[in-house]
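Engineer: What follows is the file work_10.cif, containing mmCIF, C-alpha atoms:
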```
data_coords
loop_
_atom_site.label_atom_id
_atom_site.label_comp_id
_atom_site.auth_asym_id
_atom_site.auth_seq_id
_atom_site.Cartn_x
_atom_site.Cartn_y
_atom_site.Cartn_z
CA MET O 1 21.77 23.05 -92.67
CA GLN O 2 23.25 19.55 -92.25
CA PRO O 3 21.89 18.98 -88.71
CA VAL O 4 18.41 20.07 -89.84
CA LEU O 5 18.48 17.66 -92.77
CA ARG O 6 19.67 14.83 -90.51
CA LEU O 7 16.90 15.58 -88.03
CA LEU O 8 14.30 15.60 -90.80
CA LYS O 9 15.63 12.29 -92.10
CA VAL O 10 15.24 10.73 -88.64
CA LEU O 11 11.78 12.25 -88.15
CA SER O 12 10.68 10.94 -91.55
CA GLN O 13 11.05 7.41 -90.22
CA VAL O 14 8.16 7.88 -87.76
CA PRO O 15 5.34 8.12 -90.33
CA MET O 16 6.88 5.28 -92.34
CA ILE O 17 6.87 3.11 -89.19
CA VAL O 18 3.21 4.02 -88.67
CA ALA O 19 2.46 3.05 -92.28
CA SER O 20 4.42 -0.19 -91.93
CA VAL O 21 2.64 -1.20 -88.73
CA ALA O 22 -0.75 -0.37 -90.29
CA LEU O 23 0.12 -2.46 -93.36
CA PHE O 24 1.17 -5.40 -91.21
CA ALA O 25 -2.01 -5.10 -89.14
CA LEU O 26 -4.07 -5.09 -92.35
CA MET O 27 -2.30 -8.23 -93.55
CA VAL O 28 -2.99 -10.01 -90.25
CA LEU O 29 -6.60 -8.80 -90.21
CA THR O 30 -7.21 -9.94 -93.78
CA PHE O 31 -5.63 -13.33 -93.10
CA ALA O 32 -7.72 -13.80 -89.94
CA ASP O 33 -10.88 -12.66 -91.71
CA VAL O 34 -10.36 -15.12 -94.56
CA LEU O 35 -9.71 -17.95 -92.11
CA MET O 36 -12.72 -17.08 -89.99
CA ARG O 37 -14.92 -16.73 -93.06
CA SER O 38 -13.71 -19.94 -94.72
CA ILE O 39 -13.36 -22.29 -91.77
CA PHE O 40 -16.02 -21.12 -89.31
CA ASN O 41 -18.31 -19.18 -91.65
CA ALA O 42 -17.92 -16.25 -89.24
CA PRO O 43 -16.27 -13.23 -90.83
CA ILE O 44 -14.82 -10.46 -88.69
CA GLU O 45 -17.69 -7.96 -88.68
CA ALA O 46 -15.53 -4.88 -88.20
CA ALA O 47 -12.95 -5.85 -90.84
CA THR O 48 -14.28 -3.42 -93.44
CA GLU O 49 -14.08 -0.37 -91.22
CA LEU O 50 -10.67 -1.37 -89.86
CA ILE O 51 -9.40 -1.84 -93.42
CA ARG O 52 -10.68 1.62 -94.39
CA ILE O 53 -8.95 3.18 -91.40
CA GLY O 54 -5.76 1.20 -92.07
CA ILE O 55 -5.61 2.25 -95.71
CA ALA O 56 -6.05 5.90 -94.70
CA LEU O 57 -3.20 5.51 -92.19
CA ILE O 58 -0.93 3.90 -94.77
CA VAL O 59 -1.58 6.40 -97.55
CA PHE O 60 -1.51 9.58 -95.52
CA ALA O 61 1.38 8.57 -93.24
CA ALA O 62 3.56 7.86 -96.27
CA LEU O 63 2.43 10.88 -98.31
CA PRO O 64 4.70 13.54 -96.71
CA VAL O 65 7.76 11.30 -96.82
CA LEU O 66 7.25 10.24 -100.43
CA SER O 67 6.57 13.83 -101.45
CA ALA O 68 9.64 15.15 -99.68
CA ARG O 69 11.81 12.45 -101.26
CA SER O 70 10.19 12.92 -104.68
CA GLY O 71 9.15 9.28 -104.56
CA HIS O 72 5.99 9.60 -106.63
CA ILE O 73 5.59 8.10 -110.07
CA ALA O 74 6.57 10.61 -112.72
CA VAL O 75 6.07 10.65 -116.48
CA ASP O 76 9.15 11.96 -118.26
CA LEU O 77 7.63 12.96 -121.61
CA LEU O 78 9.11 16.47 -121.47
CA ASP O 79 12.42 15.76 -119.74
CA GLY O 80 14.36 16.19 -122.98
CA PRO O 81 13.40 19.82 -123.67
CA PHE O 82 13.75 20.79 -120.00
CA ARG O 83 17.20 19.19 -119.85
CA ARG O 84 18.26 20.77 -123.14
CA PHE O 85 17.39 24.27 -121.89
CA HIS O 86 18.66 23.60 -118.34
CA LEU O 87 15.23 24.21 -116.84
CA GLU O 88 14.85 20.99 -114.84
CA ARG O 89 15.49 22.68 -111.52
CA TRP O 90 12.88 25.37 -112.19
CA ARG O 91 10.33 22.84 -113.43
CA ASP O 92 10.80 20.71 -110.31
CA ALA O 93 10.52 23.78 -108.07
CA LEU O 94 7.34 24.93 -109.82
CA VAL O 95 5.78 21.45 -109.64
CA ALA O 96 6.60 21.08 -105.94
CA LEU O 97 5.27 24.53 -105.05
CA GLY O 98 2.20 24.05 -107.25
CA CYS O 99 1.41 20.70 -105.63
CA ALA O 100 1.83 22.25 -102.18
CA ALA O 101 -0.63 24.99 -103.09
CA MET O 102 -3.09 22.44 -104.46
CA LEU O 103 -2.94 20.35 -101.26
CA TRP O 104 -3.60 23.26 -98.90
CA TRP O 105 -7.27 23.73 -99.82
CA PRO O 106 -8.32 20.04 -99.53
CA ALA O 107 -6.56 19.81 -96.17
CA GLY O 108 -8.64 22.73 -94.95
CA ARG O 109 -11.82 21.08 -96.22
CA VAL O 110 -10.92 17.86 -94.40
CA VAL O 111 -10.49 19.88 -91.18
CA ASP O 112 -13.99 21.31 -91.73
CA LEU O 113 -15.41 17.83 -92.30
CA ALA O 114 -13.59 16.48 -89.23
CA GLU O 115 -15.03 19.29 -87.12
CA ARG O 116 -18.49 18.52 -88.48
CA ALA O 117 -18.07 14.79 -87.74
CA ARG O 118 -16.93 15.60 -84.21
CA GLY O 119 -19.90 17.92 -83.71
CA TYR O 120 -22.37 15.30 -84.95
CA GLY O 121 -20.71 12.54 -82.94
CA ASP O 122 -20.10 10.40 -86.05
CA VAL O 123 -18.67 6.97 -85.25
CA THR O 124 -17.88 3.84 -87.25
CA GLU O 125 -20.60 1.21 -87.56
CA TYR O 126 -19.27 -1.72 -85.54
CA LEU O 127 -16.50 -0.49 -83.28
CA GLU O 128 -17.96 3.00 -82.78
CA ILE O 129 -14.60 4.67 -83.35
CA PRO O 130 -15.08 8.45 -83.72
CA THR O 131 -14.47 9.24 -87.38
CA PHE O 132 -12.99 12.66 -86.74
CA TYR O 133 -9.74 11.08 -85.47
CA VAL O 134 -8.98 9.65 -88.89
CA SER O 135 -10.12 12.85 -90.59
CA PHE O 136 -7.84 15.01 -88.47
CA PHE O 137 -4.95 12.60 -89.15
CA ILE O 138 -5.60 12.94 -92.90
CA ALA O 139 -5.72 16.75 -92.64
CA ILE O 140 -2.56 17.02 -90.54
CA MET O 141 -0.59 14.71 -92.83
CA THR O 142 -1.84 16.62 -95.88
CA TYR O 143 -0.69 19.90 -94.33
CA ILE O 144 2.69 18.32 -93.49
CA THR O 145 2.91 17.13 -97.11
CA ALA O 146 2.26 20.66 -98.35
CA VAL O 147 4.96 22.04 -96.05
CA ALA O 148 7.39 19.32 -97.22
CA LEU O 149 6.67 20.23 -100.83
CA ILE O 150 7.19 23.92 -100.09
CA GLY O 151 10.55 23.03 -98.53
CA ARG O 152 11.43 20.88 -101.55
CA GLY O 153 10.46 23.68 -103.94
CA VAL O 154 12.52 26.25 -102.03
CA LEU O 155 15.50 23.88 -101.98
CA HIS O 156 15.19 23.40 -105.75
CA ILE O 157 15.45 27.16 -106.16
CA PHE O 158 18.09 28.08 -103.58
CA ALA O 159 20.06 24.90 -102.78
CA PRO O 160 19.53 22.26 -105.47
CA ASP O 161 22.72 20.43 -104.44
CA LYS O 162 21.00 19.48 -101.13
CA LEU O 163 18.48 17.40 -103.13
CA ARG O 164 21.00 15.25 -104.98
CA PRO O 165 20.81 11.54 -104.02
CA ASN O 166 24.54 11.27 -103.26
CA HIS O 167 24.30 14.15 -100.80
CA GLY O 168 24.53 13.66 -97.04
#
```
Translate this file's structure into structure tokens.
Structural biologist:
Amino acid sequence: MQPVLRLLKVLSQVPMIVASVALFALMVLTFADVLMRSIFNAPIEAATELIRIGIALIVFAALPVLSARSGHIAVDLLDGPFRRFHLERWRDALVALGCAAMLWWPAGRVVDLAERARGYGDVTEYLEIPTFYVSFFIAIMTYITAVALIGRGVLHIFAPDKLRPNHG
């Protein structure tokens, strides 16, 4: 189990690098667009579509990693009763598995929409980038997120010690 967890930890760095590079590119693009707009009165025409694509890359590249690490914002209104009755592990497993189930359907819909966009030849306005590439990326990362949440839910049930922060 340890080698698998180590491999997953290393592999989880890849989407975070993608998200980091996309964020840096967005910062540079925004800076250049502001300069071009302010100094030369010539904004970068394709900035809007590149920003949309960049935000999709950032959000959906980070989604599986944050979900697997339980890095989302959580409201702890009911932690007391769950802790008192020693049900935290089961709550966390149910939430992870429920979220995985809820992500599966939208991912399938995005695949359908990506196939439709590919069939119609949909492209972005200025750079004519085929939109189905981004749609398939979103679908794949959503499916990976669902699988990561399934793994997290199963670990909560069968090996909760593997999820402790001080582990491994």
Engineer: May I ask which of the residues O:Pro160, O:Pro64, O:Pro81, O:Gly121 is the closest one to Ala146 (chain O), counting only C-alpha atoms?
Structural biologist: O:Pro64
Engineer: As a check of understanding, name the residues that the PyMOL selection byres ((chain O and resi 58) around 9) selects in the supplied structure, as a ChimeraX atom specification.
Structural biologist: /O:15-16,18-23,53-57,59-63
Engineer: If you apply the PyMOL selection byres ((chain O and resi 127-133) around 9) to this file, what residues do you get, as JSON, numbers by chain?
Structural biologist: {"O": [46, 49, 50, 111, 113, 114, 115, 116, 117, 118, 121, 122, 123, 124, 125, 126, 134, 135, 136, 137, 138]}
Engineer: Would you mind reading off the distance between CA of Asp79 (chain O) and CA of Ser67 (chain O), one decimal, in Å?
Structural biologist: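 A separation of 19.3 Å between them.
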Engineer: Which residues are close to Pro106 (chain O), i.e. within 12 Å by all atoms listed in the file, leaving aside same-chain residues fewer than 3 positions away? Reply as a PyMOL selection string.
Structural biologist: chain O and resi 99-103+109-113+135+138-143+145-146
Engineer: For this structure, which residues satisfy the selection - the PyMOL selection byres ((chain O and resi 4-11) around 10) - when it is evaluated on the file as given? I want them as a PDB file with C-alpha atoms, keeping the file's coordinate frame.
Structural biologist:
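Output saved as out17.pdb:
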```
ATOM      1  CA  MET O   1      21.770  23.050 -92.670  1.00  0.00           C
ATOM      2  CA  GLN O   2      23.250  19.550 -92.250  1.00  0.00           C
ATOM      3  CA  PRO O   3      21.890  18.980 -88.710  1.00  0.00           C
ATOM      4  CA  SER O  12      10.680  10.940 -91.550  1.00  0.00           C
ATOM      5  CA  GLN O  13      11.050   7.410 -90.220  1.00  0.00           C
ATOM      6  CA  VAL O  14       8.160   7.880 -87.760  1.00  0.00           C
ATOM      7  CA  PRO O  15       5.340   8.120 -90.330  1.00  0.00           C
ATOM      8  CA  MET O  16       6.880   5.280 -92.340  1.00  0.00           C
ATOM      9  CA  VAL O  65       7.760  11.300 -96.820  1.00  0.00           C
ATOM     10  CA  ARG O  69      11.810  12.450-101.260  1.00  0.00           C
ATOM     11  CA  LYS O 162      21.000  19.480-101.130  1.00  0.00           C
ATOM     12  CA  GLY O 168      24.530  13.660 -97.040  1.00  0.00           C
TER      13      GLY O 168
END
```
Engineer: What is the distance between CA of Thr48 (chain O) and CA of Ala107 (chain O), in Å to one decimal?
Structural biologist: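 Value for the CA of Thr48 (chain O)-CA of Ala107 (chain O) distance: 24.6 Å.
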Engineer: Work out how far CA of Leu149 (chain O) is from CA of Ala96 (chain O), in Å to one decimal.
Structural biologist: 5.2 Å
Engineer: What's around Ala32 (chain O) at 9 Å? Count all atoms listed in the file, leave out sequence neighbours fewer than 4 positions away in its own chain, and write the answer as a PyMOL selection string.
Structural biologist: chain O and resi 27-28+36-37+43-44
Engineer: Between O:Leu94, O:Arg152, O:Ile17, O:Ala47, which is the closest to Thr30 (chain O) once you count all atoms listed in the file?
Structural biologist: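 Among O:Leu94, O:Arg152, O:Ile17, O:Ala47, it is O:Ala47 that comes nearest to Thr30 (chain O).
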